[in-house]
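Trainee: Dropping in upload.tsv, with TSV, C-alpha atoms.
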```
chain	number	residue	atom	x	y	z
A	1	GLN	CA	-122.95	110.07	-36.69
A	2	SER	CA	-123.56	112.09	-33.54
A	3	THR	CA	-121.71	109.30	-31.73
A	4	VAL	CA	-118.47	110.75	-33.13
A	5	ALA	CA	-119.15	113.91	-31.13
A	6	GLN	CA	-120.04	111.83	-28.08
A	7	GLU	CA	-116.64	110.14	-28.25
A	8	ILE	CA	-114.96	113.53	-28.61
A	9	TYR	CA	-116.63	114.85	-25.46
A	10	GLU	CA	-115.81	111.68	-23.54
A	11	ASP	CA	-112.11	112.40	-24.14
A	12	LEU	CA	-112.19	116.22	-24.16
A	13	LYS	CA	-114.73	118.09	-22.06
A	14	ASP	CA	-114.18	121.57	-23.48
A	15	PRO	CA	-113.41	121.63	-27.21
A	16	ASP	CA	-113.47	125.13	-28.68
A	17	ILE	CA	-113.54	124.19	-32.37
A	18	ILE	CA	-114.44	120.97	-34.19
A	19	LEU	CA	-113.45	120.70	-37.86
A	20	ASN	CA	-115.59	118.36	-39.96
A	21	THR	CA	-115.24	117.01	-43.48
A	22	VAL	CA	-118.37	117.74	-45.51
A	23	GLY	CA	-119.70	115.51	-48.29
A	24	GLY	CA	-123.39	114.76	-48.07
A	25	GLY	CA	-123.47	116.47	-44.68
A	26	GLY	CA	-124.26	113.62	-42.32
A	27	LEU	CA	-121.10	113.90	-40.22
A	28	ILE	CA	-121.21	117.64	-39.67
A	29	SER	CA	-124.95	117.56	-39.00
A	30	GLY	CA	-124.63	114.86	-36.36
A	31	VAL	CA	-121.52	116.25	-34.72
A	32	GLY	CA	-122.92	119.77	-34.80
A	33	LEU	CA	-126.26	118.87	-33.23
A	34	TYR	CA	-124.66	116.93	-30.40
A	35	SER	CA	-121.96	119.52	-29.74
A	36	LYS	CA	-124.34	122.49	-29.67
A	37	SER	CA	-126.56	120.66	-27.18
A	38	VAL	CA	-123.62	119.94	-24.85
A	39	ARG	CA	-121.37	122.99	-25.37
A	40	PRO	CA	-123.07	125.74	-27.41
A	41	GLN	CA	-119.95	127.93	-27.46
A	42	CYS	CA	-117.94	125.27	-29.33
A	43	LYS	CA	-117.65	126.37	-32.95
A	44	ILE	CA	-118.51	123.89	-35.68
A	45	PHE	CA	-116.50	124.38	-38.86
A	46	GLY	CA	-116.99	122.52	-42.13
A	47	VAL	CA	-114.40	121.72	-44.80
A	48	GLU	CA	-115.18	121.07	-48.46
A	49	PRO	CA	-113.03	120.52	-51.56
A	50	ASN	CA	-112.79	123.29	-54.11
A	51	ASN	CA	-115.40	122.78	-56.85
A	52	ALA	CA	-117.29	120.30	-54.66
A	53	ASN	CA	-118.52	122.94	-52.23
A	54	SER	CA	-122.28	122.49	-52.22
A	55	LEU	CA	-122.76	123.42	-48.56
A	56	THR	CA	-120.68	126.58	-48.98
A	57	LEU	CA	-122.78	127.67	-51.94
A	58	SER	CA	-125.98	126.83	-50.09
A	59	MET	CA	-124.93	128.90	-47.07
A	60	ILE	CA	-124.13	131.86	-49.31
A	61	ASN	CA	-127.36	131.65	-51.32
A	62	ARG	CA	-129.56	130.60	-48.37
A	63	LYS	CA	-130.98	127.74	-50.44
A	64	ILE	CA	-129.76	124.34	-51.60
A	65	THR	CA	-127.41	125.12	-54.46
A	66	PRO	CA	-125.89	122.49	-56.79
A	67	VAL	CA	-122.25	122.52	-57.87
A	68	HIS	CA	-121.53	122.96	-61.56
A	69	ASN	CA	-118.43	121.30	-63.05
A	70	LEU	CA	-118.05	119.04	-60.02
A	71	ASP	CA	-114.47	118.02	-59.23
A	72	THR	CA	-114.56	114.37	-58.13
A	73	PHE	CA	-110.93	113.98	-57.07
A	74	VAL	CA	-111.95	113.92	-53.39
A	75	ASP	CA	-114.45	111.17	-54.12
A	76	GLY	CA	-115.57	110.75	-50.51
A	77	ALA	CA	-116.71	114.38	-50.32
A	78	SER	CA	-117.76	115.17	-53.87
A	79	VAL	CA	-121.52	115.61	-54.12
A	80	ILE	CA	-123.48	117.81	-56.50
A	81	ARG	CA	-125.78	119.17	-53.76
A	82	CYS	CA	-126.07	118.86	-50.01
A	83	GLY	CA	-129.00	116.93	-48.59
A	84	GLU	CA	-132.21	118.58	-47.39
A	85	LYS	CA	-131.67	117.44	-43.80
A	86	CYS	CA	-128.11	118.72	-43.91
A	87	TYR	CA	-129.29	122.10	-45.17
A	88	GLU	CA	-132.00	122.29	-42.53
A	89	ILE	CA	-129.63	121.46	-39.69
A	90	CYS	CA	-126.51	123.28	-40.83
A	91	VAL	CA	-127.94	126.38	-42.48
A	92	GLU	CA	-131.49	126.98	-41.28
A	93	ASN	CA	-130.72	125.95	-37.69
A	94	GLN	CA	-127.32	127.66	-37.89
A	95	ILE	CA	-125.41	124.71	-36.50
A	96	VAL	CA	-122.38	125.45	-38.71
A	97	ASP	CA	-120.45	128.54	-37.65
A	98	ASP	CA	-118.12	128.75	-40.65
A	99	ILE	CA	-116.94	126.73	-43.62
A	100	PHE	CA	-113.65	126.48	-45.53
A	101	CYS	CA	-112.63	125.18	-48.94
A	102	VAL	CA	-109.33	123.45	-49.72
A	103	SER	CA	-107.64	122.42	-52.96
A	104	PRO	CA	-106.81	118.84	-54.03
A	105	GLU	CA	-103.14	119.82	-54.11
A	106	GLU	CA	-103.20	120.93	-50.47
A	107	ILE	CA	-105.04	117.76	-49.50
A	108	CYS	CA	-102.44	115.56	-51.20
A	109	CYS	CA	-99.60	117.36	-49.40
A	110	ASP	CA	-101.11	116.60	-46.00
A	111	LEU	CA	-102.21	113.09	-46.91
A	112	LEU	CA	-98.71	112.09	-47.97
A	113	ASP	CA	-97.09	113.85	-45.01
A	114	LEU	CA	-99.34	111.96	-42.60
A	115	TYR	CA	-98.51	108.66	-44.26
A	116	GLU	CA	-94.75	109.26	-44.45
A	117	ASN	CA	-94.28	110.83	-41.02
A	118	GLU	CA	-97.05	109.35	-38.85
A	119	GLY	CA	-97.99	106.14	-40.63
A	120	TYR	CA	-101.67	107.15	-40.98
A	121	ILE	CA	-103.39	105.90	-44.13
A	122	LEU	CA	-106.29	108.19	-44.98
A	123	GLU	CA	-108.35	108.89	-48.06
A	124	PRO	CA	-108.41	112.45	-49.44
A	125	ALA	CA	-111.73	113.27	-47.78
A	126	GLY	CA	-110.43	112.10	-44.42
A	127	VAL	CA	-107.53	114.54	-44.20
A	128	MET	CA	-109.40	117.75	-45.10
A	129	GLY	CA	-109.75	118.91	-41.49
A	130	LEU	CA	-105.98	119.04	-41.14
A	131	THR	CA	-105.63	120.75	-44.51
A	132	ALA	CA	-108.08	123.46	-43.49
A	133	LEU	CA	-106.33	124.19	-40.22
A	134	LYS	CA	-103.97	126.80	-41.69
A	135	HIS	CA	-106.93	128.56	-43.30
A	136	VAL	CA	-108.73	128.57	-39.97
A	137	ALA	CA	-105.64	130.06	-38.31
A	138	ASN	CA	-105.73	132.92	-40.81
A	139	ARG	CA	-109.29	133.75	-39.82
A	140	TYR	CA	-109.45	132.89	-36.10
A	141	GLU	CA	-107.17	133.07	-33.07
A	142	LEU	CA	-106.22	129.50	-32.17
A	143	LYS	CA	-103.73	130.15	-29.37
A	144	ASN	CA	-104.74	128.25	-26.21
A	145	LYS	CA	-107.77	126.79	-28.01
A	146	ASN	CA	-108.79	123.14	-28.01
A	147	VAL	CA	-109.18	122.30	-31.70
A	148	VAL	CA	-110.48	118.88	-32.78
A	149	LEU	CA	-109.78	117.54	-36.26
A	150	ILE	CA	-111.84	114.56	-37.37
A	151	LEU	CA	-109.52	112.42	-39.51
A	152	CYS	CA	-111.60	109.70	-41.09
A	153	GLY	CA	-111.70	107.22	-43.93
A	154	GLY	CA	-109.10	104.67	-44.95
A	155	ASN	CA	-110.73	103.94	-48.32
A	156	ASN	CA	-107.62	104.77	-50.28
A	157	ASP	CA	-106.63	103.29	-53.63
A	158	VAL	CA	-102.86	102.86	-53.90
A	159	SER	CA	-103.12	103.16	-57.67
A	160	ARG	CA	-103.93	106.85	-57.13
A	161	TYR	CA	-100.66	107.59	-55.33
A	162	PRO	CA	-98.77	108.75	-58.44
A	163	GLU	CA	-101.50	111.34	-59.05
A	164	MET	CA	-101.41	112.38	-55.39
A	165	ILE	CA	-97.63	112.73	-55.45
A	166	GLU	CA	-97.92	114.91	-58.57
A	167	LYS	CA	-100.48	117.20	-56.92
A	168	SER	CA	-98.40	117.35	-53.73
A	169	LEU	CA	-95.28	118.41	-55.66
A	170	ARG	CA	-97.25	121.11	-57.48
A	171	CYS	CA	-98.63	122.37	-54.16
A	172	LYS	CA	-95.08	122.65	-52.80
A	173	GLY	CA	-93.93	124.52	-55.91
A	174	LEU	CA	-91.60	121.70	-56.96
A	175	LYS	CA	-93.25	120.51	-60.20
A	176	HIS	CA	-93.61	122.68	-63.30
A	177	TYR	CA	-94.28	122.22	-67.00
A	178	PHE	CA	-92.96	124.19	-69.96
A	179	LEU	CA	-93.29	124.30	-73.71
A	180	VAL	CA	-89.75	124.75	-75.00
A	181	ASN	CA	-88.51	125.26	-78.56
A	182	PHE	CA	-85.54	122.99	-79.26
A	183	ALA	CA	-83.29	123.58	-82.24
A	184	GLN	CA	-83.16	120.52	-84.47
A	185	THR	CA	-79.41	120.09	-84.06
A	186	PRO	CA	-77.43	117.48	-82.10
A	187	GLY	CA	-76.63	118.15	-78.43
A	188	GLN	CA	-79.61	120.36	-77.52
A	189	LEU	CA	-80.89	118.17	-74.68
A	190	LYS	CA	-77.36	117.88	-73.29
A	191	LYS	CA	-77.06	121.67	-73.45
A	192	PHE	CA	-80.39	122.03	-71.61
A	193	VAL	CA	-79.38	119.62	-68.84
A	194	ASN	CA	-75.89	121.05	-68.36
A	195	HIS	CA	-76.64	124.75	-68.69
A	196	VAL	CA	-80.26	125.20	-67.57
A	197	LEU	CA	-80.97	122.75	-64.76
A	198	SER	CA	-79.58	123.23	-61.26
A	199	GLU	CA	-78.28	120.55	-58.90
A	200	GLY	CA	-81.18	118.42	-57.66
A	201	ASP	CA	-83.46	119.31	-60.58
A	202	ASP	CA	-84.78	116.50	-62.77
A	203	ILE	CA	-86.64	116.15	-66.07
A	204	THR	CA	-89.71	113.99	-65.44
A	205	ARG	CA	-91.33	114.37	-68.85
A	206	PHE	CA	-89.91	115.05	-72.29
A	207	GLU	CA	-92.33	114.86	-75.20
A	208	TYR	CA	-92.09	116.31	-78.68
A	209	LEU	CA	-95.41	117.87	-79.65
A	210	LYS	CA	-94.68	119.15	-83.13
A	211	LYS	CA	-91.92	120.51	-85.33
A	212	ASN	CA	-92.08	124.16	-86.32
A	213	GLY	CA	-90.42	123.62	-89.66
A	214	LYS	CA	-86.99	122.05	-90.05
A	215	GLU	CA	-85.15	124.25	-87.55
A	216	PHE	CA	-87.17	123.98	-84.31
A	217	GLY	CA	-89.43	121.55	-82.49
A	218	THR	CA	-91.78	122.21	-79.56
A	219	VAL	CA	-91.19	119.98	-76.53
A	220	LEU	CA	-93.37	119.52	-73.48
A	221	ILE	CA	-90.98	119.33	-70.52
A	222	GLY	CA	-91.88	118.47	-66.94
A	223	ILE	CA	-89.29	119.54	-64.36
A	224	GLN	CA	-89.16	118.52	-60.71
A	225	LEU	CA	-87.11	121.03	-58.75
A	226	GLY	CA	-84.69	120.18	-55.99
A	227	ASP	CA	-85.63	123.53	-54.42
A	228	LYS	CA	-88.61	125.68	-55.37
A	229	GLN	CA	-86.29	128.72	-55.42
A	230	ASN	CA	-84.69	127.23	-58.55
A	231	LEU	CA	-87.68	128.10	-60.74
A	232	HIS	CA	-86.69	131.70	-61.50
A	233	ARG	CA	-83.09	130.61	-62.11
A	234	ILE	CA	-84.17	127.96	-64.61
A	235	MET	CA	-86.39	130.36	-66.55
A	236	THR	CA	-83.61	132.95	-66.68
A	237	LYS	CA	-81.10	130.33	-67.91
A	238	MET	CA	-83.49	129.14	-70.62
A	239	THR	CA	-83.66	132.68	-71.96
A	240	LEU	CA	-79.90	133.16	-71.75
A	241	GLN	CA	-79.25	129.84	-73.51
A	242	GLY	CA	-81.64	130.68	-76.34
A	243	PHE	CA	-84.46	128.29	-75.40
A	244	LYS	CA	-87.71	130.05	-76.24
A	245	HIS	CA	-90.21	128.83	-73.66
A	246	GLN	CA	-93.69	129.16	-72.20
A	247	LYS	CA	-94.53	128.15	-68.64
A	248	LEU	CA	-97.85	126.31	-68.44
A	249	ASP	CA	-100.27	127.70	-65.88
A	250	GLU	CA	-102.51	125.21	-64.08
A	251	ASN	CA	-105.51	127.51	-64.54
A	252	GLU	CA	-105.16	127.61	-68.32
A	253	GLN	CA	-107.08	125.30	-70.64
A	254	LEU	CA	-103.86	124.37	-72.42
A	255	TYR	CA	-102.50	122.92	-69.18
A	256	SER	CA	-105.48	120.59	-68.68
A	257	TYR	CA	-105.27	119.55	-72.35
A	258	LEU	CA	-101.56	118.68	-72.28
A	259	ILE	CA	-101.05	117.50	-68.68
```
In structure tokens, how does this file's structure come out?
Mentor:
Amino acid sequence: QSTVAQEIYEDLKDPDIILNTVGGGGLISGVGLYSKSVRPQCKIFGVEPNNANSLTLSMINRKITPVHNLDTFVDGASVIRCGEKCYEICVENQIVDDIFCVSPEEICCDLLDLYENEGYILEPAGVMGLTALKHVANRYELKNKNVVLILCGGNNDVSRYPEMIEKSLRCKGLKHYFLVNFAQTPGQLKKFVNHVLSEGDDITRFEYLKKNGKEFGTVLIGIQLGDKQNLHRIMTKMTLQGFKHQKLDENEQLYSYLI
């Protein structure tokens, strides 16, 4: 995989930073070895998915460290532990200068943007270099720097697009879920639509979970916002209209159970 770096240097003689997706570690090892032999001052950065960050953990602990509770959403870069050769090259030989982790939601945002605006079809692992760029910019000065992003992998399953769209909307702050108590009287949904939602907002999921007696029932509601600024307005209107509610947090166990 060092030939990827060779092609980079054939087109660009003086890259300052090369961003590499990291799975098993073959790509970053090969690119890093070649680049450091040709242009030692070029920084080699790795990018891993959150909860599939074996190289990050290994760099921190200075030994090969497995990932617990592996997240396999980015299937092309989800490995429990980095390889021994990868560790030797990247960590012991200090080929990798820094490493960044990105979330599946961020990845989906960039993947869909590339497809819709540029026509590039990439798998989640292939777009991680672009996703990490904003994190790199927060840590390093990129002005007047030659930054290379390796966008790779077209092994994408179209059946996963609904899930990717969902994650992208959540990343942009446009998709939210609530548990809402609805009075068991006619016209409650109409009242919710007319007096709680704003223009451009839409209900994408409406599911009764249980009835709390004869007077109220708990409903799981998914709302896609027309503008992320509408969230506070919607929550305020629910309170004013008498809809007792709980916003579901992605980091809570209840969210993963219901969504």
Trainee: For a cutoff of 9 Å around the file-coordinate point (-89.6, 119.6, -79.8), which residues qualify once you count only C-alpha atoms? I'd like the result as a list in words.
Mentor: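 With a cut-off of 9 Å, the residues come to Leu179, Val180, Asn181, Phe182, Ala183, Gln184, Phe206, Glu207, Tyr208, Leu209, Lys210, Lys211, Asn212, Phe216, Gly217, Thr218, Val219 and Leu220 of chain A.
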Trainee: Give me the residues of range 137-207 of chain A that have any atom at most 7 Å from an atom of range 11-33 of chain A; for each, the nearest atom pair and the distance in Å, rounded to one decimal. Use only C-alpha atoms, sort by chain and number, and format it as a tab-separated table.
Mentor:
```
residue	atom	partner	partner_atom	distance
A:Lys145	CA	A:Asp16	CA	6.0
A:Asn146	CA	A:Pro15	CA	4.9
A:Val147	CA	A:Ile17	CA	4.8
A:Val148	CA	A:Ile18	CA	4.7
A:Leu149	CA	A:Leu19	CA	5.1
A:Ile150	CA	A:Asn20	CA	5.9
```
Trainee: Between CA of Leu189 in chain A and CA of Lys214 in chain A, measure the distance and give it in Å to one decimal.
Mentor: 17.0 Å
Trainee: Rounded to one decimal in Å, what is the spacing between CA of Gln253 in chain A and CA of Cys108 in chain A?
Mentor: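 Going from CA of Gln253 in chain A over to CA of Cys108 in chain A, I get 22.2 Å.
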Trainee: Write out as a list in words the residues lying within 7 Å of Cys101 in chain A, counting all atoms listed in the file and excluding same-chain residues fewer than 4 positions away.
Mentor: Val47, Glu48, Pro49 and Asn50 of chain A
Trainee: I want to know what sits within 9 Å of Arg233 in chain A, based on all atoms listed in the file, with residues of the same chain fewer than 3 positions away left out; could you give that as a PyMOL selection string?
Mentor: chain A and resi 196-198+229-230+236-238
